[in-house]
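Colleague: Below is one structure. I have some questions about it.
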Amino acid sequence: MASADEQVVKALAKQARVLRRRVIEMLGEAGSGHPGGSLSAADIITVLYWHEMKIDPKRPDWPERDRFVLSKGHAAPILYAALAEKGYFPLEDLMTLRKLGSHLQGHPDSNKTPGVEVPTGSLGQGLSIANGMALAAKMDGRSYRVYALLGDGEIEEGMIWEAAMTAAHYKLDNLVAIIDNNNLQIDGDVREVIGVNHIADRFRSFGWYAVEIDGHDIGQIIAALRLARGIKEKPTVIVAHTVKGKGVSFMENQVGWHGTAPSKEQAEAALLELAAGEE
Amino acid sequence: MAVKKATRDAYGETLVELGQVNPDIVVLDADLSASTKTANFAKAFPQRFVQIGIAEQDLIGTAAGLAAAGKIPFASTFAVFAAGRAYDQIRNSVAYGKLNVKIAATHAGVTVGEDGGSHQMLEDIALMRALPGMTVIVPADAVETKLAVKAAAEHKGPVYLRMGRGAWPVIFDEDHKFEIGKAVQLRDGDAATVIACGIMVGEALKAAEMLEAEGVKVRVLDMATIKPIDAEAVVKAARETGAIVTAEEHNIIGGLGGAVAEIVVENCPVPMERVGVKDVFGQSGKPDELQKFYGLTAEGIVGAVKRVVERKAKG
Ligand SMILES: Cc1ncc(C[n+]2csc(CCOP(=O)(O)OP(=O)(O)O)c2C)c(N)n1
Ligand SMILES: [Mg+2]
């Protein structure tokens, strides 16, 4: 790999660590929220916002912008961290998460937060919305692309498979779905809860182009998104193998950290660990 | 004998008219385009028609995405599947997002007929009007439907438009005026006011004639917009006529009767009766048989007016 690429990857990895720290700070202050699925998505979100998507934080309504739909809306903290770091709103707003009157709701609210495209939080709805945006782009002859991030538990929702059918039928090659395949939902391992497996094959059988990657390998995320741009006549799904709670050792792979905020001491320990990662 | 025309036919025709003047109009359907009449639009503008298949949640979700991208989507299916199957999508994506989606639901009420209770939506007005920011419109006839569809397209924000299956007498002339949130007074009288929507407006007019023959003069209001309801017209009716009867092809719980009652009790309590389906599901039968069975007739309204007038007299 060329050194320029290495530098890009390094810078993105650093940015992802910043976002992870923001997540811990926000949740520590808020006292509630979802760390596990925010941390597992940190590298994906970073590559999307700092490398892949065509966006202008000063013009959140720019018609040609790429769209991101956080279908797994409970991971709002990682999205807010990215939007604040990008300059959609001041960084200090992050400390108002989940508080009365804040524009940073527990789950994304597009009427309150600049940069949030649509409300999510009721799982299963984001892929259909992304389809609608991708269809609109095709109808209008616009070149923007649409990205949707889904949980691996979330894809148990029947509506996801309705949308999977629609996206393939309308050949939405301007759409990329990314599955945060951290193997955990609330009640346990997705394979034990209801047999979620062979995700890529399931999407392939619905007519999608599917690729599997390590969702914490920045280079692989970049490459998969680049690959998706070349896929024509089909939507692409990136099944990203991730670790829930990634980056904070005591949260990693722990189902209990799905929807529990760290205490002050736990947040401090997590921040120390994330800072140590900086070397 | 008045001309008969189904509201869904007017809907299908109006969509094509709108499609010609507004390139942002897109239409979605869930395998019922022949019945909801969106097939007209599909034929005229295939590039702007999205067939979703039998997937009502995806129907509403996709419409939400189209709206978020600046389109004006009309999403159609039967009322029972739109407001019922896709309620969470309507709530959390469309209404919570204040997205510009028009949910145009047909085949509402018992007059669906032979298909029976599973297909006779009687709770949709209640479900939809409880959603913040949702506009709920139940036009009285084909003419009003055409105007309501156009008004819905102009209106910024989510709209639930409720239509029926059958062909019903056309009540209004072509120069009828419709405005979202404004009741239309069709007759005046001082004994009581009948406030109706949908097919019950025609029945209310018949009832008014029958009552007049007995010397009882009633005011008749066409309350096509159930949300935002014309509270002023309701309060005025309560003050000036002292008794109110509502009439709707919907459960008496939570629909037009509920909406009117909420305003009446808070502003000007007067005797009230609600004509509607009395908290039961529908069943198979011919539309006119079902109409009679559930009392959704001019006779049903006459009975309610007599009761309410008697209560008013007792004070
Ligand atoms: C329709 C719906 N049902 C239930 C929930 C409650 N809920 C929130 S998160 C979650 C588990 C999600 O698991 P997954 O999709 O794997 O997310 P991740 O592991 O990435 O956090 C559930 C059941 C919800 N938000 N929406
Ligand atoms: Mg998961």
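Identifiers in this document derive from the order of the structure tokens: chains are assigned A, B, ..., residues are numbered from 1 separately in each chain, and ligands are numbered from 1 in order of occurrence.
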Give me, as a PyMOL selection string, all polymer residues having an atom no more than 10 Å from stretch 235-245 of chain B, counting only C-alpha atoms and skipping those fewer than 2 positions away in the same chain.
Modeller: chain B and resi 188-196+204+217-221+230-233+247+257+260-261+263-275+301-302+304-313+315
Colleague: Hey, what's within 9 Å of stretch 145-162 of chain B if we count only C-alpha atoms and toss same-chain stuff fewer than 2 positions away? As an NGL selection string, please?
Modeller: :B and (7-8 or 10-11 or 13-15 or 18 or 25 or 72-74 or 79 or 83 or 94-95 or 98-108 or 124-125 or 128-129 or 133-143 or 164 or 176-180 or 198 or 224)
Colleague: Just N, CA and C atoms for this one: save the residues we selected as a CSV table (one decimal), in the first residue's frame.
Modeller:
chain,number,residue,atom,x,y,z
B,7,THR,N,-65.2,7.8,-4.7
B,7,THR,CA,-64.1,8.8,-4.3
B,7,THR,C,-62.8,8.3,-4.8
B,8,ARG,N,-62.6,7.0,-4.8
B,8,ARG,CA,-61.3,6.4,-5.3
B,8,ARG,C,-61.1,6.7,-6.8
B,10,ALA,N,-62.2,9.4,-8.4
B,10,ALA,CA,-61.9,10.8,-8.4
B,10,ALA,C,-60.4,10.9,-8.0
B,11,TYR,N,-60.0,10.2,-7.1
B,11,TYR,CA,-58.6,10.2,-6.6
B,11,TYR,C,-57.6,9.8,-7.8
B,13,GLU,N,-58.1,9.9,-11.0
B,13,GLU,CA,-58.1,10.9,-12.1
B,13,GLU,C,-57.3,12.1,-11.6
B,14,THR,N,-57.5,12.6,-10.4
B,14,THR,CA,-56.8,13.8,-9.9
B,14,THR,C,-55.3,13.6,-9.9
B,15,LEU,N,-54.9,12.4,-9.5
B,15,LEU,CA,-53.4,12.1,-9.5
B,15,LEU,C,-52.8,12.4,-10.8
B,18,LEU,N,-52.6,16.1,-11.4
B,18,LEU,CA,-51.5,16.6,-10.6
B,18,LEU,C,-50.2,16.3,-11.3
B,25,ILE,N,-44.7,15.1,-8.0
B,25,ILE,CA,-45.6,14.1,-7.5
B,25,ILE,C,-45.2,12.7,-7.9
B,72,ILE,N,-43.1,14.6,-3.5
B,72,ILE,CA,-44.4,14.6,-2.9
B,72,ILE,C,-45.1,13.3,-3.2
B,73,PRO,N,-44.8,12.3,-2.3
B,73,PRO,CA,-45.3,11.0,-2.5
B,73,PRO,C,-46.8,10.8,-2.1
B,74,PHE,N,-47.6,10.2,-2.9
B,74,PHE,CA,-48.9,9.7,-2.5
B,74,PHE,C,-48.8,8.1,-2.4
B,79,ALA,N,-57.3,1.1,3.4
B,79,ALA,CA,-57.2,1.8,4.7
B,79,ALA,C,-56.7,0.9,5.8
B,83,ALA,N,-53.3,2.3,7.6
B,83,ALA,CA,-53.3,2.8,8.9
B,83,ALA,C,-53.0,1.7,9.9
B,94,VAL,N,-43.0,9.0,9.3
B,94,VAL,CA,-43.7,10.1,8.6
B,94,VAL,C,-44.1,11.2,9.6
B,95,ALA,N,-44.8,10.9,10.6
B,95,ALA,CA,-45.4,11.9,11.4
B,95,ALA,C,-44.3,12.5,12.3
B,98,LYS,N,-42.2,14.7,10.4
B,98,LYS,CA,-43.0,15.8,9.8
B,98,LYS,C,-42.7,15.7,8.3
B,99,LEU,N,-42.7,14.5,7.7
B,99,LEU,CA,-42.4,14.3,6.3
B,99,LEU,C,-43.6,14.5,5.4
B,100,ASN,N,-43.4,15.0,4.2
B,100,ASN,CA,-44.5,15.4,3.3
B,100,ASN,C,-45.1,14.2,2.6
B,101,VAL,N,-45.6,13.3,3.3
B,101,VAL,CA,-46.1,12.0,2.7
B,101,VAL,C,-47.7,12.1,2.8
B,102,LYS,N,-48.3,11.8,1.6
B,102,LYS,CA,-49.7,11.7,1.6
B,102,LYS,C,-50.2,10.3,1.5
B,103,ILE,N,-50.8,9.9,2.6
B,103,ILE,CA,-51.3,8.5,2.7
B,103,ILE,C,-52.7,8.5,2.2
B,104,ALA,N,-52.9,8.0,1.0
B,104,ALA,CA,-54.3,8.0,0.4
B,104,ALA,C,-54.8,6.6,0.5
B,105,ALA,N,-55.7,6.4,1.5
B,105,ALA,CA,-56.2,5.1,1.8
B,105,ALA,C,-57.6,4.9,1.2
B,106,THR,N,-57.9,3.8,0.5
B,106,THR,CA,-59.2,3.6,0.0
B,106,THR,C,-59.8,2.4,0.7
B,107,HIS,N,-61.1,2.1,0.3
B,107,HIS,CA,-61.8,0.9,0.9
B,107,HIS,C,-61.9,1.0,2.4
B,108,ALA,N,-62.2,2.2,2.9
B,108,ALA,CA,-62.4,2.3,4.4
B,108,ALA,C,-63.9,2.0,4.7
B,124,ASP,N,-59.3,3.8,11.7
B,124,ASP,CA,-58.2,4.6,11.1
B,124,ASP,C,-58.2,6.1,11.5
B,125,ILE,N,-59.4,6.6,11.6
B,125,ILE,CA,-59.5,8.1,11.9
B,125,ILE,C,-59.0,8.3,13.3
B,128,MET,N,-55.1,7.9,13.2
B,128,MET,CA,-54.4,8.9,12.5
B,128,MET,C,-54.5,10.3,13.2
B,129,ARG,N,-55.7,10.5,13.8
B,129,ARG,CA,-55.9,11.9,14.3
B,129,ARG,C,-55.1,12.0,15.7
B,133,GLY,N,-49.5,16.6,14.2
B,133,GLY,CA,-49.2,17.1,12.9
B,133,GLY,C,-49.8,16.4,11.7
B,134,MET,N,-50.6,15.3,12.0
B,134,MET,CA,-51.2,14.6,10.9
B,134,MET,C,-52.5,15.3,10.5
B,135,THR,N,-52.7,15.6,9.2
B,135,THR,CA,-53.9,16.1,8.7
B,135,THR,C,-54.8,14.9,8.3
B,136,VAL,N,-56.0,14.9,8.7
B,136,VAL,CA,-56.9,13.8,8.4
B,136,VAL,C,-58.1,14.3,7.6
B,137,ILE,N,-58.3,13.8,6.4
B,137,ILE,CA,-59.4,14.3,5.5
B,137,ILE,C,-60.3,13.1,5.1
B,138,VAL,N,-61.6,13.3,5.2
B,138,VAL,CA,-62.5,12.3,4.8
B,138,VAL,C,-63.5,13.0,3.9
B,139,PRO,N,-63.3,13.0,2.6
B,139,PRO,CA,-64.2,13.7,1.7
B,139,PRO,C,-65.5,13.1,1.5
B,140,ALA,N,-66.5,13.9,1.2
B,140,ALA,CA,-67.9,13.5,1.2
B,140,ALA,C,-68.3,12.8,-0.1
B,141,ASP,N,-67.6,13.3,-1.2
B,141,ASP,CA,-68.0,12.7,-2.5
B,141,ASP,C,-66.9,12.9,-3.5
B,142,ALA,N,-67.1,12.5,-4.7
B,142,ALA,CA,-66.0,12.6,-5.7
B,142,ALA,C,-65.5,14.0,-6.0
B,143,VAL,N,-66.4,15.0,-6.0
B,143,VAL,CA,-66.0,16.3,-6.2
B,143,VAL,C,-65.1,16.8,-5.1
B,164,GLY,N,-63.5,5.6,0.1
B,164,GLY,CA,-64.3,4.4,0.1
B,164,GLY,C,-64.1,3.5,-1.1
B,176,HIS,N,-67.7,23.7,-6.1
B,176,HIS,CA,-67.5,23.6,-4.6
B,176,HIS,C,-66.2,24.0,-4.2
B,177,LYS,N,-66.1,24.6,-3.0
B,177,LYS,CA,-64.9,25.1,-2.5
B,177,LYS,C,-64.5,24.2,-1.3
B,178,PHE,N,-63.2,23.7,-1.3
B,178,PHE,CA,-62.8,23.0,-0.2
B,178,PHE,C,-61.5,23.6,0.4
B,179,GLU,N,-61.5,23.7,1.7
B,179,GLU,CA,-60.3,24.2,2.3
B,179,GLU,C,-60.0,23.3,3.5
B,180,ILE,N,-58.7,22.9,3.6
B,180,ILE,CA,-58.3,22.0,4.8
B,180,ILE,C,-58.7,22.8,6.1
B,198,GLY,N,-67.5,11.9,5.0
B,198,GLY,CA,-67.6,10.8,4.1
B,198,GLY,C,-69.0,10.5,3.6
B,224,ALA,N,-65.2,17.5,6.5
B,224,ALA,CA,-64.3,16.7,5.7
B,224,ALA,C,-62.9,16.6,6.4
Colleague: With 9 Å as the cut-off and only C-alpha atoms and all ligand atoms counted, what is the closest atom pair between each nearby residue of chain A and ligand 1? Distances in Å to one decimal, ordered by chain and number, as a tab-separated table.
Modeller:
residue	atom	partner	partner_atom_place_in_ligand_line	distance
A:His34	CA	ligand 1	21 (O)	7.2
A:Pro35	CA	ligand 1	21 (O)	8.1
A:Gly36	CA	ligand 1	21 (O)	6.0
A:Gly37	CA	ligand 1	21 (O)	3.6
A:Ser38	CA	ligand 1	21 (O)	7.0
A:Leu39	CA	ligand 1	20 (O)	8.9
A:Ser40	CA	ligand 1	20 (O)	7.0
A:Ala41	CA	ligand 1	20 (O)	7.5
A:Ser71	CA	ligand 1	15 (O)	8.9
A:Lys72	CA	ligand 1	15 (O)	6.0
A:Gly73	CA	ligand 1	25 (N)	7.4
A:His74	CA	ligand 1	9 (S)	5.9
A:Ala75	CA	ligand 1	21 (O)	6.6
A:Thr120	CA	ligand 1	25 (N)	8.6
A:Gly121	CA	ligand 1	25 (N)	5.1
A:Ser122	CA	ligand 1	26 (N)	3.8
A:Leu123	CA	ligand 1	26 (N)	3.9
A:Gly124	CA	ligand 1	1 (C)	6.3
A:Gln125	CA	ligand 1	1 (C)	8.3
A:Leu150	CA	ligand 1	15 (O)	6.5
A:Gly151	CA	ligand 1	15 (O)	3.2
A:Asp152	CA	ligand 1	16 (O)	4.2
A:Gly153	CA	ligand 1	16 (O)	3.4
A:Glu154	CA	ligand 1	15 (O)	3.7
A:Ile155	CA	ligand 1	15 (O)	6.8
A:Glu156	CA	ligand 1	15 (O)	8.2
A:Glu157	CA	ligand 1	1 (C)	7.4
A:Ile179	CA	ligand 1	20 (O)	8.4
A:Asp180	CA	ligand 1	20 (O)	5.7
A:Asn181	CA	ligand 1	16 (O)	7.1
A:Asn182	CA	ligand 1	19 (O)	5.8
A:Asn183	CA	ligand 1	16 (O)	6.6
A:Leu184	CA	ligand 1	19 (O)	4.9
A:Gln185	CA	ligand 1	13 (O)	3.7
A:Ile186	CA	ligand 1	11 (C)	4.9
A:Asp187	CA	ligand 1	23 (C)	7.9
A:Asp189	CA	ligand 1	16 (O)	8.7
A:Val190	CA	ligand 1	16 (O)	7.1
A:Lys244	CA	ligand 1	19 (O)	6.5
A:Val255	CA	ligand 1	19 (O)	8.6
A:His258	CA	ligand 1	21 (O)	5.9
A:Gly259	CA	ligand 1	9 (S)	7.7
Colleague: Could you tell me which residues of chain A sit within 7 Å of chain B when counting only C-alpha atoms, and give me the result as a count of residues only?
Modeller: 18
Colleague: Please, what distance in Å, to one decimal, runs between atom CA of B:Val234 and atom CA of B:Tyr294?
Modeller: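 Computed distance, atom CA of B:Val234 to atom CA of B:Tyr294, equals 25.2 Å.
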Colleague: Return the single residue from A:Ala261, A:Ala11, A:Ala177, A:Leu104 that is closest to A:Ala228, with distances computed using only C-alpha atoms.
Modeller: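 Going through A:Ala261, A:Ala11, A:Ala177, A:Leu104 one by one, the smallest distance to A:Ala228 is for A:Ala177.
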Colleague: Report, in Å with one decimal, the straight-line distance from atom CA of B:Met223 to atom CA of B:Glu248.
Modeller: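 These two atoms are separated by 10.0 Å.
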Colleague: When you count only C-alpha atoms, which of these residues is closest to B:Glu17: B:Leu205, B:Ala213, B:Ala44, B:Ala183?
Modeller: B:Ala44
Colleague: Neighbouring residues of A:Val237 were defined as those with any atom within 8 Å, considering only C-alpha atoms; residues of the same chain fewer than 6 positions away were excluded. Please report them as a ChimeraX atom specification.
Modeller: /A:176-179,200,203,208-211
Colleague: If you keep all heavy atoms, can you produce a file of those selected residues as a tab-separated table (two decimals), in the first residue's frame?
Modeller:
chain	number	residue	atom	x	y	z
A	176	VAL	N	-25.97	1.88	-0.56
A	176	VAL	CA	-25.12	0.92	0.15
A	176	VAL	C	-25.70	0.71	1.54
A	176	VAL	O	-25.92	1.67	2.28
A	176	VAL	CB	-23.66	1.43	0.29
A	176	VAL	CG1	-22.81	0.41	1.04
A	176	VAL	CG2	-23.04	1.73	-1.07
A	177	ALA	N	-25.97	-0.55	1.86
A	177	ALA	CA	-26.37	-0.88	3.23
A	177	ALA	C	-25.15	-1.47	3.93
A	177	ALA	O	-24.42	-2.27	3.33
A	177	ALA	CB	-27.52	-1.89	3.22
A	178	ILE	N	-24.93	-1.03	5.14
A	178	ILE	CA	-23.81	-1.58	5.92
A	178	ILE	C	-24.40	-2.24	7.15
A	178	ILE	O	-25.21	-1.63	7.87
A	178	ILE	CB	-22.82	-0.48	6.33
A	178	ILE	CG1	-22.33	0.27	5.07
A	178	ILE	CG2	-21.64	-1.07	7.11
A	178	ILE	CD1	-21.64	1.59	5.38
A	179	ILE	N	-24.06	-3.51	7.35
A	179	ILE	CA	-24.56	-4.20	8.54
A	179	ILE	C	-23.46	-4.19	9.59
A	179	ILE	O	-22.36	-4.68	9.35
A	179	ILE	CB	-24.92	-5.69	8.24
A	179	ILE	CG1	-25.73	-5.82	6.95
A	179	ILE	CG2	-25.63	-6.31	9.44
A	179	ILE	CD1	-27.11	-5.29	6.98
A	200	ALA	N	-24.64	-12.24	4.46
A	200	ALA	CA	-24.27	-11.87	3.07
A	200	ALA	C	-25.04	-12.74	2.07
A	200	ALA	O	-25.58	-12.22	1.09
A	200	ALA	CB	-22.77	-12.03	2.87
A	203	PHE	N	-28.66	-11.66	1.70
A	203	PHE	CA	-28.81	-10.49	0.81
A	203	PHE	C	-28.54	-10.88	-0.65
A	203	PHE	O	-29.24	-10.42	-1.56
A	203	PHE	CB	-27.89	-9.35	1.26
A	203	PHE	CG	-28.52	-8.48	2.32
A	203	PHE	CD1	-28.31	-8.74	3.67
A	203	PHE	CD2	-29.33	-7.40	1.97
A	203	PHE	CE1	-28.89	-7.94	4.65
A	203	PHE	CE2	-29.92	-6.59	2.95
A	203	PHE	CZ	-29.70	-6.87	4.30
A	208	TRP	N	-28.75	-8.75	-4.12
A	208	TRP	CA	-27.77	-7.72	-3.79
A	208	TRP	C	-26.36	-8.20	-4.10
A	208	TRP	O	-26.07	-9.39	-4.12
A	208	TRP	CB	-27.83	-7.39	-2.29
A	208	TRP	CG	-29.02	-6.62	-1.86
A	208	TRP	CD1	-30.34	-6.96	-2.05
A	208	TRP	CD2	-29.03	-5.39	-1.13
A	208	TRP	NE1	-31.16	-6.01	-1.48
A	208	TRP	CE2	-30.38	-5.03	-0.90
A	208	TRP	CE3	-28.02	-4.54	-0.64
A	208	TRP	CZ2	-30.74	-3.87	-0.22
A	208	TRP	CZ3	-28.39	-3.40	0.05
A	208	TRP	CH2	-29.74	-3.06	0.25
A	209	TYR	N	-25.46	-7.23	-4.27
A	209	TYR	CA	-24.04	-7.54	-4.27
A	209	TYR	C	-23.61	-7.46	-2.81
A	209	TYR	O	-23.92	-6.49	-2.11
A	209	TYR	CB	-23.25	-6.53	-5.11
A	209	TYR	CG	-21.78	-6.84	-5.11
A	209	TYR	CD1	-21.26	-7.82	-5.95
A	209	TYR	CD2	-20.92	-6.20	-4.22
A	209	TYR	CE1	-19.92	-8.14	-5.93
A	209	TYR	CE2	-19.58	-6.51	-4.19
A	209	TYR	CZ	-19.09	-7.49	-5.04
A	209	TYR	OH	-17.76	-7.82	-5.00
A	210	ALA	N	-22.92	-8.48	-2.33
A	210	ALA	CA	-22.54	-8.51	-0.91
A	210	ALA	C	-21.05	-8.70	-0.74
A	210	ALA	O	-20.42	-9.46	-1.49
A	210	ALA	CB	-23.30	-9.62	-0.19
A	211	VAL	N	-20.49	-7.99	0.24
A	211	VAL	CA	-19.08	-8.15	0.54
A	211	VAL	C	-18.93	-8.17	2.06
A	211	VAL	O	-19.69	-7.50	2.77
A	211	VAL	CB	-18.25	-7.01	-0.13
A	211	VAL	CG1	-18.80	-5.65	0.21
A	211	VAL	CG2	-16.79	-7.09	0.24
Colleague: May I ask which of the residues A:Arg191, A:Arg202, A:Lys234, A:Arg67 is the closest one to ligand 2, counting only C-alpha atoms and all ligand atoms?
Modeller: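 Among A:Arg191, A:Arg202, A:Lys234, A:Arg67, it is A:Arg191 that comes nearest to ligand 2.
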Colleague: Please report, as a short mmCIF file (atom, residue, chain, number, x, y, z; two decimals) with N, CA and C atoms, in the first residue's frame, each residue of stretch 55-268 of chain B to which DSSP assigns strand (DSSP E or B) when run on this structure's backbone.
Modeller:
data_model
loop_
_atom_site.label_atom_id
_atom_site.label_comp_id
_atom_site.auth_asym_id
_atom_site.auth_seq_id
_atom_site.Cartn_x
_atom_site.Cartn_y
_atom_site.Cartn_z
N ILE B 72 -43.13 14.63 -3.53
CA ILE B 72 -44.44 14.64 -2.88
C ILE B 72 -45.09 13.28 -3.15
N PRO B 73 -44.82 12.32 -2.28
CA PRO B 73 -45.33 10.97 -2.54
C PRO B 73 -46.76 10.77 -2.06
N PHE B 74 -47.57 10.16 -2.89
CA PHE B 74 -48.89 9.67 -2.51
C PHE B 74 -48.75 8.14 -2.40
N ALA B 75 -48.96 7.61 -1.20
CA ALA B 75 -48.83 6.17 -0.99
C ALA B 75 -50.23 5.60 -0.77
N SER B 76 -50.58 4.61 -1.58
CA SER B 76 -51.94 4.09 -1.51
C SER B 76 -52.01 2.59 -1.27
N THR B 77 -52.98 2.23 -0.46
CA THR B 77 -53.38 0.85 -0.29
C THR B 77 -54.74 0.94 0.41
N PHE B 78 -55.30 -0.22 0.80
CA PHE B 78 -56.56 -0.17 1.53
C PHE B 78 -56.31 0.43 2.93
N LYS B 102 -48.27 11.76 1.64
CA LYS B 102 -49.73 11.72 1.56
C LYS B 102 -50.15 10.25 1.55
N ILE B 103 -50.82 9.86 2.61
CA ILE B 103 -51.30 8.49 2.69
C ILE B 103 -52.73 8.50 2.19
N ALA B 104 -52.93 7.97 1.00
CA ALA B 104 -54.26 8.00 0.39
C ALA B 104 -54.84 6.60 0.46
N ALA B 105 -55.70 6.41 1.46
CA ALA B 105 -56.21 5.08 1.76
C ALA B 105 -57.63 4.93 1.21
N THR B 106 -57.85 3.85 0.53
CA THR B 106 -59.18 3.59 -0.03
C THR B 106 -59.81 2.40 0.71
N ALA B 108 -62.20 2.19 2.93
CA ALA B 108 -62.42 2.34 4.37
C ALA B 108 -63.87 2.01 4.69
N MET B 121 -62.00 -1.18 7.53
CA MET B 121 -61.27 -0.38 8.51
C MET B 121 -62.21 0.61 9.20
N THR B 135 -52.67 15.59 9.21
CA THR B 135 -53.94 16.12 8.72
C THR B 135 -54.79 14.94 8.28
N VAL B 136 -56.04 14.92 8.71
CA VAL B 136 -56.92 13.79 8.38
C VAL B 136 -58.14 14.30 7.61
N ILE B 137 -58.31 13.81 6.40
CA ILE B 137 -59.40 14.29 5.54
C ILE B 137 -60.26 13.11 5.07
N VAL B 159 -50.42 13.88 5.39
CA VAL B 159 -51.88 13.90 5.26
C VAL B 159 -52.38 12.46 5.17
N TYR B 160 -53.46 12.19 5.87
CA TYR B 160 -54.16 10.91 5.70
C TYR B 160 -55.49 11.21 5.03
N LEU B 161 -55.67 10.65 3.84
CA LEU B 161 -56.87 10.89 3.05
C LEU B 161 -57.66 9.58 3.01
N ARG B 162 -58.90 9.65 3.49
CA ARG B 162 -59.67 8.41 3.63
C ARG B 162 -60.78 8.35 2.57
N ALA B 167 -69.50 3.43 -5.32
CA ALA B 167 -69.91 4.67 -5.99
C ALA B 167 -71.08 5.25 -5.22
N TRP B 168 -70.94 6.50 -4.82
CA TRP B 168 -71.96 7.18 -4.03
C TRP B 168 -72.42 8.44 -4.75
N PRO B 169 -73.62 8.90 -4.42
CA PRO B 169 -74.13 10.09 -5.10
C PRO B 169 -73.18 11.28 -4.95
N VAL B 184 -68.05 22.82 5.92
CA VAL B 184 -68.95 23.43 4.94
C VAL B 184 -70.38 23.25 5.44
N GLN B 185 -71.08 24.38 5.58
CA GLN B 185 -72.47 24.28 6.01
C GLN B 185 -73.35 24.03 4.80
N LEU B 186 -74.11 22.93 4.84
CA LEU B 186 -74.93 22.56 3.68
C LEU B 186 -76.41 22.92 3.85
N ARG B 187 -76.84 23.00 5.10
CA ARG B 187 -78.22 23.41 5.37
C ARG B 187 -78.23 24.12 6.71
N ALA B 192 -81.06 21.30 15.81
CA ALA B 192 -79.85 20.55 16.13
C ALA B 192 -78.90 20.70 14.94
N THR B 193 -77.64 20.27 15.14
CA THR B 193 -76.71 20.26 14.00
C THR B 193 -76.24 18.82 13.78
N VAL B 194 -76.25 18.40 12.53
CA VAL B 194 -75.68 17.11 12.17
C VAL B 194 -74.31 17.39 11.55
N ILE B 195 -73.28 16.82 12.17
CA ILE B 195 -71.91 16.99 11.65
C ILE B 195 -71.48 15.64 11.09
N ALA B 196 -71.18 15.62 9.80
CA ALA B 196 -70.90 14.33 9.16
C ALA B 196 -69.64 14.40 8.32
N VAL B 218 -82.77 21.14 10.82
CA VAL B 218 -81.42 20.95 11.36
C VAL B 218 -80.37 21.60 10.47
N ARG B 219 -79.29 22.00 11.11
CA ARG B 219 -78.10 22.45 10.38
C ARG B 219 -77.30 21.20 9.98
N VAL B 220 -76.70 21.22 8.81
CA VAL B 220 -75.85 20.11 8.40
C VAL B 220 -74.47 20.65 8.06
N LEU B 221 -73.46 20.08 8.72
CA LEU B 221 -72.07 20.46 8.42
C LEU B 221 -71.32 19.29 7.81
N ASP B 222 -70.65 19.56 6.72
CA ASP B 222 -69.74 18.58 6.14
C ASP B 222 -68.37 18.83 6.77
N THR B 225 -62.53 17.74 6.98
CA THR B 225 -61.25 17.70 7.68
C THR B 225 -61.52 17.36 9.13
N ILE B 226 -61.06 16.22 9.56
CA ILE B 226 -61.26 15.82 10.95
C ILE B 226 -60.11 16.32 11.81
N LYS B 227 -58.97 16.52 11.18
CA LYS B 227 -57.85 17.16 11.86
C LYS B 227 -57.06 17.99 10.87
N ILE B 244 -76.17 18.35 19.14
CA ILE B 244 -75.30 17.90 18.04
C ILE B 244 -75.38 16.39 17.83
N VAL B 245 -75.44 16.03 16.56
CA VAL B 245 -75.36 14.62 16.17
C VAL B 245 -74.18 14.48 15.21
N THR B 246 -73.32 13.53 15.48
CA THR B 246 -72.24 13.27 14.52
C THR B 246 -72.56 11.99 13.75
N ALA B 247 -72.06 11.90 12.53
CA ALA B 247 -72.33 10.71 11.71
C ALA B 247 -71.10 10.36 10.89
N GLU B 248 -70.64 9.13 11.06
CA GLU B 248 -69.42 8.70 10.38
C GLU B 248 -69.44 7.19 10.15
N GLU B 249 -68.73 6.77 9.13
CA GLU B 249 -68.60 5.33 8.86
C GLU B 249 -67.31 4.85 9.53
N HIS B 250 -67.35 4.84 10.85
CA HIS B 250 -66.15 4.58 11.65
C HIS B 250 -66.65 4.16 13.01
N ASN B 251 -65.79 3.57 13.79
CA ASN B 251 -66.14 3.28 15.17
C ASN B 251 -66.56 4.59 15.86
#
Colleague: Just want the 6 Å neighbourhood of stretch 279-289 of chain B, counted on only C-alpha atoms, with same-chain residues fewer than 2 positions away dropped. Output as a list of chain:residue names.
Modeller: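 Contacts, in chain order: B:Val110, B:Thr111, B:Gly113, B:Glu114, B:Asp115, B:Gly116, B:Gly117, B:Asn251, B:Val277, B:Gln291, B:Lys292.
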Colleague: For A:Pro77, work out the shell of residues within 10 Å, counting only C-alpha atoms and skipping chain neighbours fewer than 5 positions away, then give it as a PyMOL selection string.
Modeller: chain A and resi 19-20+22-27+33-35+37-39+42+82-83+94+97-98+104-108
Colleague: Tell me which of B:Gly303, B:Gly254, B:Ala2, B:Asp9 sits closest to B:Asp173, counting only C-alpha atoms.
Modeller: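 Nearest to B:Asp173: B:Ala2.
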Colleague: Record the distance separating atom CA of B:Lys206 and atom CA of B:Ile253, expressed in Å with one decimal.
Modeller: 24.4 Å
Colleague: Would you pick out the contacts of stretch 214-217 of chain A at 7 Å or less, using only C-alpha atoms, so that residues sharing its chain but fewer than 6 positions from it are not included, and give the list as a ChimeraX atom specification?
Modeller: /A:43-44,240-242
Colleague: Per DSSP on the backbone, filter stretch 223-286 of chain B down to the residues in helix (DSSP H, G or I) and report them as a count of residues only.
Modeller: 23
Colleague: Show me, as a list in words, the residues that have an atom within 10 Å of A:Lys138 when counting only C-alpha atoms, minus same-chain residues fewer than 2 positions from it.
Modeller: Gly132, Met133, Ala134, Leu135, Ala136, Asp140, Gly141, Arg142, Ser143, Tyr144, Tyr170, Leu172, Asp173 and Asn174 of chain A; Gln47 of chain B
